[in-house]
Amino acid sequence: MRRSMTVLLAVATTAVLLAGCATGDGDGDVTDDWPALPAAAAFTPAVGVCQAADFADVVTLAAYQPVDCAEPHRVETVHVGAFPAASPAAPAGGSAELRGAFAECDTRATGYVGDDWRAGRLRLSVAVPSGVGWAAGSRWYRCDLSELNTVEAAATVVTRTGSLRDALKGPSPLRLGCQQTRGGEGGAVQALVPVDCATRHDAEFVGVWRAPEGPYPTRQADWLPLYAGCRSALGRFVGVPDDAQLRFRSGVVVRPPGAGRWRVGDRGVRCYLWLSNRTVTGSLNDAGPAGLPVRTR
């Protein structure tokens with residue numbers, strides 16, 4: 001009798017457990033009773049966060065690992081925009097869509113740091129979703145800033161701490177300022193080395209000139225508008241007339257973006273005055289004609 005009662009209790013307990021686990025519709029087929037998995041969802045990166053890894057122009061969800069900008073990082077996201085929802089694929093380099101994204105990023109980055117970002121040792125880049133992300137519905141583009149050790153050739157990204165927000169609103173170690181030139185063949189300027197304006201120097205950053213749409217300069221004639229544009233920036237910076245005599249007051253060094261950046265829409269040319277015949281101490285900003293006289297020889 002005791003054994004029979006034990007068997008009955010075991011059967012009853014099993015029945016209760018099975019009843020508690022059942023989620024079906026009572027049709028006896030348990031294979032169609034599991035809820036459907038949710039559809040793959042698109043993600044959108046956040047603004048004002050940083051990445052410890054180097055910039056990548058295509059971002060996967062797995063690679064998206066934001067950190068607080070107080071932590072060491074190499075990239076800071078300053079804006080996130082969106083391509084049209086109907087776009088069939090991420091825009092290719094050189095496309096009108098990607099140039100439009102860069103233009104928006106350019107404006108947003110300038111507002112984020114408080115001045116044209118090119119006035120500092122900074123690089124702006126645009127990232128887009130991976131093909132998988134695009135197929136899942138992602139249509140964002142990400143505007144990323146990185147600090148550089150120099151804006152000359154062979155620049156490398158700096159690992160930094162702290163946000164770049166308002167970093168160029170006032171005086172900043174990031175700002176481009178006085179420079180000392182290093183010569184190359186034929187008396188041309190090969191490199192610009194930042195120096196304290198209190199020390200003697202022969203060059204200074206004077207601003208950014210934005211080149212119009214057109215091919216990347218490769219021939220001598222292509223460079224003439226860049227030199228003319230930078231001379232105008234020089235005149236405004238120093239406070240001297242932008243006339244025929246300006247070229248006799250100072251030389252000019254132009255630093256356009258590289259051909260690859262030009263292709264995605266970067267048209268900002270960094271401009272420097274160059275005193276090929278003398279050195280000065282202090283900045284020539286607003287120095288006027290007395291500070292930048294016409295050279296007689």
# chains A, B, ... in the order shown; residues from 1 in each chain; ligands from 1
call {"tool": "select_by_dssp", "arguments": {"residues": "range 26-268 of chain A", "states": "helix (DSSP H, G or I)", "output": "VMD selection string"}}
result
chain A and resid 30 to 32 96 to 113 117 to 119 131 to 135 185 to 187 220 to 238 246 to 249 259 to 263
call {"tool": "residues_around", "arguments": {"residues": "Val58 in chain A", "least_positions_apart": "6", "cutoff": "12 Å", "atoms": "only C-alpha atoms", "output": "JSON, numbers by chain"}}
result
{"A": [64, 90, 91, 92, 93, 125, 126, 127, 128, 129, 130, 131, 132, 133, 134, 140, 141, 142]}
call {"tool": "write_last_selection", "arguments": {"atoms": "N, CA, C and O atoms", "output": "PDB file, in the first residue's frame"}}
result
ATOM      1  N   TYR A  64      31.614  48.722 -31.566  1.00  0.00           N
ATOM      2  CA  TYR A  64      31.151  49.946 -30.901  1.00  0.00           C
ATOM      3  C   TYR A  64      31.252  49.752 -29.387  1.00  0.00           C
ATOM      4  O   TYR A  64      30.424  49.075 -28.774  1.00  0.00           O
ATOM      5  N   ALA A  90      25.260  52.008 -48.048  1.00  0.00           N
ATOM      6  CA  ALA A  90      26.070  53.097 -47.513  1.00  0.00           C
ATOM      7  C   ALA A  90      26.794  53.811 -48.642  1.00  0.00           C
ATOM      8  O   ALA A  90      27.292  53.166 -49.570  1.00  0.00           O
ATOM      9  N   PRO A  91      26.846  55.139 -48.619  1.00  0.00           N
ATOM     10  CA  PRO A  91      27.464  55.880 -49.728  1.00  0.00           C
ATOM     11  C   PRO A  91      28.955  55.609 -49.834  1.00  0.00           C
ATOM     12  O   PRO A  91      29.653  55.448 -48.829  1.00  0.00           O
ATOM     13  N   ALA A  92      29.438  55.567 -51.049  1.00  0.00           N
ATOM     14  CA  ALA A  92      30.853  55.318 -51.297  1.00  0.00           C
ATOM     15  C   ALA A  92      31.648  56.603 -51.146  1.00  0.00           C
ATOM     16  O   ALA A  92      31.105  57.707 -51.224  1.00  0.00           O
ATOM     17  N   GLY A  93      32.942  56.458 -50.938  1.00  0.00           N
ATOM     18  CA  GLY A  93      33.820  57.616 -50.854  1.00  0.00           C
ATOM     19  C   GLY A  93      33.761  58.441 -52.119  1.00  0.00           C
ATOM     20  O   GLY A  93      33.779  57.900 -53.223  1.00  0.00           O
ATOM     21  N   SER A 125      36.700  63.060 -39.023  1.00  0.00           N
ATOM     22  CA  SER A 125      36.454  61.914 -39.900  1.00  0.00           C
ATOM     23  C   SER A 125      34.992  61.504 -39.795  1.00  0.00           C
ATOM     24  O   SER A 125      34.318  61.789 -38.794  1.00  0.00           O
ATOM     25  N   VAL A 126      34.507  60.824 -40.829  1.00  0.00           N
ATOM     26  CA  VAL A 126      33.113  60.384 -40.883  1.00  0.00           C
ATOM     27  C   VAL A 126      33.069  58.859 -40.951  1.00  0.00           C
ATOM     28  O   VAL A 126      33.720  58.246 -41.807  1.00  0.00           O
ATOM     29  N   ALA A 127      32.319  58.250 -40.045  1.00  0.00           N
ATOM     30  CA  ALA A 127      32.146  56.798 -40.016  1.00  0.00           C
ATOM     31  C   ALA A 127      30.710  56.447 -40.397  1.00  0.00           C
ATOM     32  O   ALA A 127      29.778  57.222 -40.137  1.00  0.00           O
ATOM     33  N   VAL A 128      30.527  55.278 -41.011  1.00  0.00           N
ATOM     34  CA  VAL A 128      29.203  54.809 -41.429  1.00  0.00           C
ATOM     35  C   VAL A 128      28.997  53.387 -40.939  1.00  0.00           C
ATOM     36  O   VAL A 128      29.953  52.711 -40.548  1.00  0.00           O
ATOM     37  N   PRO A 129      27.753  52.886 -40.946  1.00  0.00           N
ATOM     38  CA  PRO A 129      27.494  51.512 -40.487  1.00  0.00           C
ATOM     39  C   PRO A 129      28.090  50.477 -41.432  1.00  0.00           C
ATOM     40  O   PRO A 129      28.361  50.744 -42.607  1.00  0.00           O
ATOM     41  N   SER A 130      28.279  49.277 -40.906  1.00  0.00           N
ATOM     42  CA  SER A 130      28.704  48.153 -41.729  1.00  0.00           C
ATOM     43  C   SER A 130      27.558  47.721 -42.644  1.00  0.00           C
ATOM     44  O   SER A 130      26.409  48.159 -42.484  1.00  0.00           O
ATOM     45  N   GLY A 131      27.870  46.844 -43.589  1.00  0.00           N
ATOM     46  CA  GLY A 131      26.832  46.332 -44.474  1.00  0.00           C
ATOM     47  C   GLY A 131      25.729  45.619 -43.717  1.00  0.00           C
ATOM     48  O   GLY A 131      24.546  45.749 -44.047  1.00  0.00           O
ATOM     49  N   VAL A 132      26.096  44.861 -42.685  1.00  0.00           N
ATOM     50  CA  VAL A 132      25.096  44.170 -41.865  1.00  0.00           C
ATOM     51  C   VAL A 132      24.217  45.174 -41.145  1.00  0.00           C
ATOM     52  O   VAL A 132      22.983  45.032 -41.088  1.00  0.00           O
ATOM     53  N   GLY A 133      24.833  46.214 -40.599  1.00  0.00           N
ATOM     54  CA  GLY A 133      24.061  47.241 -39.910  1.00  0.00           C
ATOM     55  C   GLY A 133      23.132  47.975 -40.851  1.00  0.00           C
ATOM     56  O   GLY A 133      21.987  48.285 -40.503  1.00  0.00           O
ATOM     57  N   TRP A 134      23.632  48.247 -42.063  1.00  0.00           N
ATOM     58  CA  TRP A 134      22.793  48.925 -43.055  1.00  0.00           C
ATOM     59  C   TRP A 134      21.589  48.064 -43.406  1.00  0.00           C
ATOM     60  O   TRP A 134      20.460  48.558 -43.502  1.00  0.00           O
ATOM     61  N   TRP A 140      22.763  55.924 -40.002  1.00  0.00           N
ATOM     62  CA  TRP A 140      23.475  57.022 -39.370  1.00  0.00           C
ATOM     63  C   TRP A 140      24.844  57.250 -40.007  1.00  0.00           C
ATOM     64  O   TRP A 140      25.396  56.391 -40.688  1.00  0.00           O
ATOM     65  N   TYR A 141      25.372  58.433 -39.783  1.00  0.00           N
ATOM     66  CA  TYR A 141      26.796  58.686 -39.996  1.00  0.00           C
ATOM     67  C   TYR A 141      27.315  59.382 -38.753  1.00  0.00           C
ATOM     68  O   TYR A 141      26.606  60.150 -38.104  1.00  0.00           O
ATOM     69  N   ARG A 142      28.545  59.064 -38.403  1.00  0.00           N
ATOM     70  CA  ARG A 142      29.122  59.512 -37.145  1.00  0.00           C
ATOM     71  C   ARG A 142      30.267  60.471 -37.416  1.00  0.00           C
ATOM     72  O   ARG A 142      31.146  60.190 -38.232  1.00  0.00           O
TER      73      ARG A 142
END
call {"tool": "residues_around", "arguments": {"residues": "Ala211 in chain A", "least_positions_apart": "4", "cutoff": "9 Å", "atoms": "only C-alpha atoms", "output": "PyMOL selection string"}}
result
chain A and resi 225-226+229+256+266-269
call {"tool": "atom_distance", "arguments": {"atom1": "CA of Val80 in chain A", "atom2": "CA of Ser146 in chain A"}}
result
15.6 Å
call {"tool": "closest_residue", "arguments": {"among": "A:Ala135, A:Ala119, A:Val158, A:Val294", "to": "Val208 in chain A", "atoms": "only C-alpha atoms"}}
result
A:Ala119
call {"tool": "residues_around", "arguments": {"residues": "Val193 in chain A", "least_positions_apart": "4", "cutoff": "7 Å", "atoms": "only C-alpha atoms", "output": "ChimeraX atom specification"}}
result
/A:179-181
call {"tool": "closest_residue", "arguments": {"among": "A:Leu292, A:Ala89, A:Leu145, A:Leu61", "to": "Pro241 in chain A", "atoms": "only C-alpha atoms"}}
result
A:Leu292
call {"tool": "atom_distance", "arguments": {"atom1": "CA of Tyr227 in chain A", "atom2": "CA of Val253 in chain A"}}
result
7.7 Å
call {"tool": "residues_around", "arguments": {"residues": "range 104-110 of chain A", "least_positions_apart": "6", "cutoff": "7 Å", "atoms": "only C-alpha atoms", "output": "MDAnalysis selection string"}}
result
chainID A and resid 78:79 116:117 143
call {"tool": "write_last_selection", "arguments": {"atoms": "C-alpha atoms", "output": "PDB file, in the first residue's frame"}}
result
ATOM      1  CA  VAL A  78      30.738  65.144 -31.785  1.00  0.00           C
ATOM      2  CA  HIS A  79      27.611  64.591 -33.880  1.00  0.00           C
ATOM      3  CA  ASP A 116      37.097  75.921 -36.795  1.00  0.00           C
ATOM      4  CA  TRP A 117      38.505  72.561 -35.743  1.00  0.00           C
ATOM      5  CA  CYS A 143      31.290  62.646 -36.891  1.00  0.00           C
TER       6      CYS A 143
END
call {"tool": "residues_around", "arguments": {"residues": "Val49 in chain A", "least_positions_apart": "2", "cutoff": "7 Å", "atoms": "only C-alpha atoms", "output": "PyMOL selection string"}}
result
chain A and resi 46-47+66-69+76-77
call {"tool": "write_last_selection", "arguments": {"atoms": "N, CA and C atoms", "output": "PDB file, in the first residue's frame"}}
result
ATOM      1  N   ALA A  46      25.940  57.063 -29.844  1.00  0.00           N
ATOM      2  CA  ALA A  46      25.648  58.240 -29.027  1.00  0.00           C
ATOM      3  C   ALA A  46      26.628  59.368 -29.334  1.00  0.00           C
ATOM      4  N   VAL A  47      26.214  60.587 -29.007  1.00  0.00           N
ATOM      5  CA  VAL A  47      27.054  61.775 -29.162  1.00  0.00           C
ATOM      6  C   VAL A  47      27.711  62.095 -27.822  1.00  0.00           C
ATOM      7  N   PRO A  66      31.793  52.346 -26.541  1.00  0.00           N
ATOM      8  CA  PRO A  66      32.012  53.708 -26.037  1.00  0.00           C
ATOM      9  C   PRO A  66      32.536  53.721 -24.611  1.00  0.00           C
ATOM     10  N   VAL A  67      33.351  54.739 -24.324  1.00  0.00           N
ATOM     11  CA  VAL A  67      33.864  54.959 -22.972  1.00  0.00           C
ATOM     12  C   VAL A  67      33.631  56.414 -22.600  1.00  0.00           C
ATOM     13  N   ASP A  68      33.655  56.680 -21.311  1.00  0.00           N
ATOM     14  CA  ASP A  68      33.581  58.056 -20.841  1.00  0.00           C
ATOM     15  C   ASP A  68      34.814  58.809 -21.332  1.00  0.00           C
ATOM     16  N   CYS A  69      34.624  60.054 -21.781  1.00  0.00           N
ATOM     17  CA  CYS A  69      35.745  60.809 -22.336  1.00  0.00           C
ATOM     18  C   CYS A  69      36.776  61.193 -21.283  1.00  0.00           C
ATOM     19  N   GLU A  76      36.529  60.958 -30.392  1.00  0.00           N
ATOM     20  CA  GLU A  76      35.359  61.512 -29.706  1.00  0.00           C
ATOM     21  C   GLU A  76      34.277  61.811 -30.733  1.00  0.00           C
ATOM     22  N   THR A  77      33.069  61.344 -30.466  1.00  0.00           N
ATOM     23  CA  THR A  77      31.946  61.564 -31.382  1.00  0.00           C
ATOM     24  C   THR A  77      31.287  62.899 -31.048  1.00  0.00           C
TER      25      THR A  77
END
call {"tool": "atom_distance", "arguments": {"atom1": "CA of Leu273 in chain A", "atom2": "CA of Thr156 in chain A"}}
result
24.5 Å
call {"tool": "closest_residue", "arguments": {"among": "A:Ala287, A:Ala228, A:Val195, A:Ala82", "to": "Arg210 in chain A", "atoms": "only C-alpha atoms"}}
result
A:Ala228
call {"tool": "closest_residue", "arguments": {"among": "A:His201, A:Arg74, A:Arg175, A:Arg182", "to": "Thr150 in chain A", "atoms": "only C-alpha atoms"}}
result
A:Arg175
call {"tool": "select_by_dssp", "arguments": {"residues": "range 35-204 of chain A", "states": "strand (DSSP E or B)", "output": "short mmCIF file (atom, residue, chain, number, x, y, z; two decimals) with N, CA, C and O atoms, in the first residue's frame"}}
result
data_model
loop_
_atom_site.label_atom_id
_atom_site.label_comp_id
_atom_site.auth_asym_id
_atom_site.auth_seq_id
_atom_site.Cartn_x
_atom_site.Cartn_y
_atom_site.Cartn_z
N CYS A 50 33.30 58.61 -26.22
CA CYS A 50 34.60 58.42 -26.84
C CYS A 50 34.86 56.94 -27.10
O CYS A 50 34.14 56.07 -26.60
N GLN A 51 35.89 56.68 -27.88
CA GLN A 51 36.31 55.32 -28.22
C GLN A 51 37.80 55.19 -27.92
O GLN A 51 38.59 56.05 -28.32
N VAL A 58 34.20 52.31 -41.14
CA VAL A 58 33.03 51.43 -41.11
C VAL A 58 32.95 50.83 -39.72
O VAL A 58 33.93 50.24 -39.23
N VAL A 59 31.82 50.98 -39.07
CA VAL A 59 31.67 50.57 -37.67
C VAL A 59 30.65 49.45 -37.55
O VAL A 59 29.51 49.58 -38.00
N PRO A 66 31.79 52.35 -26.54
CA PRO A 66 32.01 53.71 -26.04
C PRO A 66 32.54 53.72 -24.61
O PRO A 66 32.23 52.84 -23.80
N VAL A 67 33.35 54.74 -24.32
CA VAL A 67 33.86 54.96 -22.97
C VAL A 67 33.63 56.41 -22.60
O VAL A 67 33.41 57.27 -23.46
N HIS A 73 41.38 57.80 -24.47
CA HIS A 73 40.66 57.50 -25.71
C HIS A 73 41.37 58.13 -26.90
O HIS A 73 42.28 58.97 -26.72
N VAL A 75 39.28 58.75 -29.98
CA VAL A 75 38.21 59.26 -30.85
C VAL A 75 37.10 59.82 -29.98
O VAL A 75 36.77 59.22 -28.95
N GLU A 76 36.53 60.96 -30.39
CA GLU A 76 35.36 61.51 -29.71
C GLU A 76 34.28 61.81 -30.73
O GLU A 76 34.54 62.46 -31.76
N THR A 77 33.07 61.34 -30.47
CA THR A 77 31.95 61.56 -31.38
C THR A 77 31.29 62.90 -31.05
O THR A 77 30.80 63.10 -29.94
N VAL A 78 31.25 63.80 -32.03
CA VAL A 78 30.74 65.14 -31.78
C VAL A 78 29.36 65.36 -32.39
O VAL A 78 28.69 66.34 -32.07
N HIS A 79 28.94 64.48 -33.28
CA HIS A 79 27.61 64.59 -33.88
C HIS A 79 27.28 63.27 -34.56
O HIS A 79 28.17 62.55 -35.01
N VAL A 80 25.99 62.96 -34.62
CA VAL A 80 25.49 61.81 -35.37
C VAL A 80 24.35 62.28 -36.25
O VAL A 80 23.37 62.84 -35.75
N GLY A 81 24.51 62.13 -37.56
CA GLY A 81 23.47 62.50 -38.50
C GLY A 81 22.87 61.26 -39.15
O GLY A 81 23.18 60.13 -38.76
N ALA A 82 22.01 61.48 -40.14
CA ALA A 82 21.31 60.36 -40.77
C ALA A 82 21.23 60.55 -42.28
O ALA A 82 20.95 61.65 -42.76
N GLY A 120 43.12 73.87 -34.70
CA GLY A 120 43.81 73.08 -33.68
C GLY A 120 44.42 71.83 -34.28
O GLY A 120 44.23 71.52 -35.46
N LEU A 122 43.72 68.86 -34.76
CA LEU A 122 42.57 67.97 -34.76
C LEU A 122 42.32 67.43 -36.16
O LEU A 122 42.66 68.06 -37.16
N ARG A 123 41.69 66.26 -36.22
CA ARG A 123 41.28 65.65 -37.49
C ARG A 123 39.82 65.23 -37.36
O ARG A 123 39.43 64.60 -36.37
N LEU A 124 39.03 65.59 -38.36
CA LEU A 124 37.62 65.21 -38.41
C LEU A 124 37.45 64.07 -39.42
O LEU A 124 37.97 64.14 -40.53
N SER A 125 36.70 63.06 -39.02
CA SER A 125 36.45 61.91 -39.90
C SER A 125 34.99 61.50 -39.80
O SER A 125 34.32 61.79 -38.79
N VAL A 126 34.51 60.82 -40.83
CA VAL A 126 33.11 60.38 -40.88
C VAL A 126 33.07 58.86 -40.95
O VAL A 126 33.72 58.25 -41.81
N ALA A 127 32.32 58.25 -40.05
CA ALA A 127 32.15 56.80 -40.02
C ALA A 127 30.71 56.45 -40.40
O ALA A 127 29.78 57.22 -40.14
N VAL A 128 30.53 55.28 -41.01
CA VAL A 128 29.20 54.81 -41.43
C VAL A 128 29.00 53.39 -40.94
O VAL A 128 29.95 52.71 -40.55
N PRO A 129 27.75 52.89 -40.95
CA PRO A 129 27.49 51.51 -40.49
C PRO A 129 28.09 50.48 -41.43
O PRO A 129 28.36 50.74 -42.61
N TRP A 140 22.76 55.92 -40.00
CA TRP A 140 23.47 57.02 -39.37
C TRP A 140 24.84 57.25 -40.01
O TRP A 140 25.40 56.39 -40.69
N TYR A 141 25.37 58.43 -39.78
CA TYR A 141 26.80 58.69 -40.00
C TYR A 141 27.31 59.38 -38.75
O TYR A 141 26.61 60.15 -38.10
N ARG A 142 28.54 59.06 -38.40
CA ARG A 142 29.12 59.51 -37.15
C ARG A 142 30.27 60.47 -37.42
O ARG A 142 31.15 60.19 -38.23
N CYS A 143 30.26 61.62 -36.73
CA CYS A 143 31.29 62.65 -36.89
C CYS A 143 32.28 62.53 -35.73
O CYS A 143 31.91 62.79 -34.58
N ASP A 144 33.50 62.14 -36.04
CA ASP A 144 34.50 61.84 -35.02
C ASP A 144 35.69 62.79 -35.10
O ASP A 144 36.22 63.04 -36.19
N LEU A 145 36.13 63.28 -33.95
CA LEU A 145 37.33 64.10 -33.86
C LEU A 145 38.42 63.33 -33.13
O LEU A 145 38.15 62.61 -32.16
N SER A 146 39.66 63.51 -33.59
CA SER A 146 40.82 62.94 -32.92
C SER A 146 41.88 64.02 -32.77
O SER A 146 42.03 64.90 -33.63
N GLU A 147 42.63 63.97 -31.68
CA GLU A 147 43.77 64.87 -31.50
C GLU A 147 44.99 64.28 -32.20
O GLU A 147 45.23 63.07 -32.14
N LEU A 148 45.78 65.16 -32.85
CA LEU A 148 46.99 64.74 -33.54
C LEU A 148 48.22 65.32 -32.85
O LEU A 148 48.14 66.33 -32.15
N VAL A 157 47.75 59.93 -34.26
CA VAL A 157 46.69 60.23 -33.29
C VAL A 157 47.22 60.12 -31.87
O VAL A 157 48.00 59.22 -31.55
N ARG A 160 44.29 60.67 -25.52
CA ARG A 160 44.04 61.80 -24.65
C ARG A 160 42.99 61.46 -23.60
O ARG A 160 42.30 60.43 -23.69
N ARG A 175 45.68 74.69 -29.95
CA ARG A 175 45.62 75.70 -31.01
C ARG A 175 46.92 75.78 -31.80
O ARG A 175 48.01 75.70 -31.23
N CYS A 178 52.32 80.13 -33.40
CA CYS A 178 53.60 80.48 -34.01
C CYS A 178 54.36 79.21 -34.39
O CYS A 178 54.25 78.18 -33.72
N GLN A 179 55.15 79.34 -35.47
CA GLN A 179 55.85 78.20 -36.04
C GLN A 179 57.27 78.60 -36.44
O GLN A 179 57.55 79.77 -36.70
N GLN A 180 58.14 77.60 -36.50
CA GLN A 180 59.46 77.78 -37.08
C GLN A 180 59.56 76.88 -38.30
O GLN A 180 59.26 75.68 -38.21
N THR A 181 59.92 77.44 -39.43
CA THR A 181 59.98 76.64 -40.65
C THR A 181 61.25 75.81 -40.70
O THR A 181 62.29 76.17 -40.12
N ARG A 182 61.16 74.70 -41.42
CA ARG A 182 62.31 73.88 -41.76
C ARG A 182 62.37 73.82 -43.28
O ARG A 182 61.38 73.46 -43.92
N GLY A 183 63.50 74.21 -43.84
CA GLY A 183 63.61 74.37 -45.28
C GLY A 183 63.79 73.07 -46.03
O GLY A 183 64.22 72.05 -45.48
N VAL A 189 59.45 75.70 -48.00
CA VAL A 189 59.22 75.25 -46.63
C VAL A 189 58.86 73.78 -46.66
O VAL A 189 57.87 73.38 -47.28
N GLN A 190 59.66 72.98 -45.97
CA GLN A 190 59.40 71.55 -45.92
C GLN A 190 58.50 71.19 -44.75
O GLN A 190 57.65 70.32 -44.86
N ALA A 191 58.70 71.85 -43.61
CA ALA A 191 57.92 71.52 -42.41
C ALA A 191 57.76 72.75 -41.54
O ALA A 191 58.56 73.70 -41.60
N LEU A 192 56.72 72.74 -40.72
CA LEU A 192 56.44 73.79 -39.75
C LEU A 192 56.47 73.15 -38.36
O LEU A 192 55.77 72.16 -38.11
N VAL A 193 57.25 73.74 -37.48
CA VAL A 193 57.39 73.21 -36.12
C VAL A 193 56.80 74.21 -35.14
O VAL A 193 57.24 75.38 -35.09
N PRO A 194 55.80 73.83 -34.34
CA PRO A 194 55.21 74.77 -33.38
C PRO A 194 56.24 75.24 -32.34
O PRO A 194 57.04 74.44 -31.83
N HIS A 201 60.76 83.37 -34.19
CA HIS A 201 60.17 82.45 -35.15
C HIS A 201 59.92 83.19 -36.46
O HIS A 201 59.98 84.43 -36.51
N ALA A 203 57.19 82.11 -38.76
CA ALA A 203 55.91 81.75 -39.37
C ALA A 203 54.82 81.73 -38.29
O ALA A 203 55.12 81.63 -37.10
N GLU A 204 53.56 81.82 -38.75
CA GLU A 204 52.43 81.79 -37.81
C GLU A 204 51.16 81.36 -38.56
O GLU A 204 50.93 81.79 -39.70
#
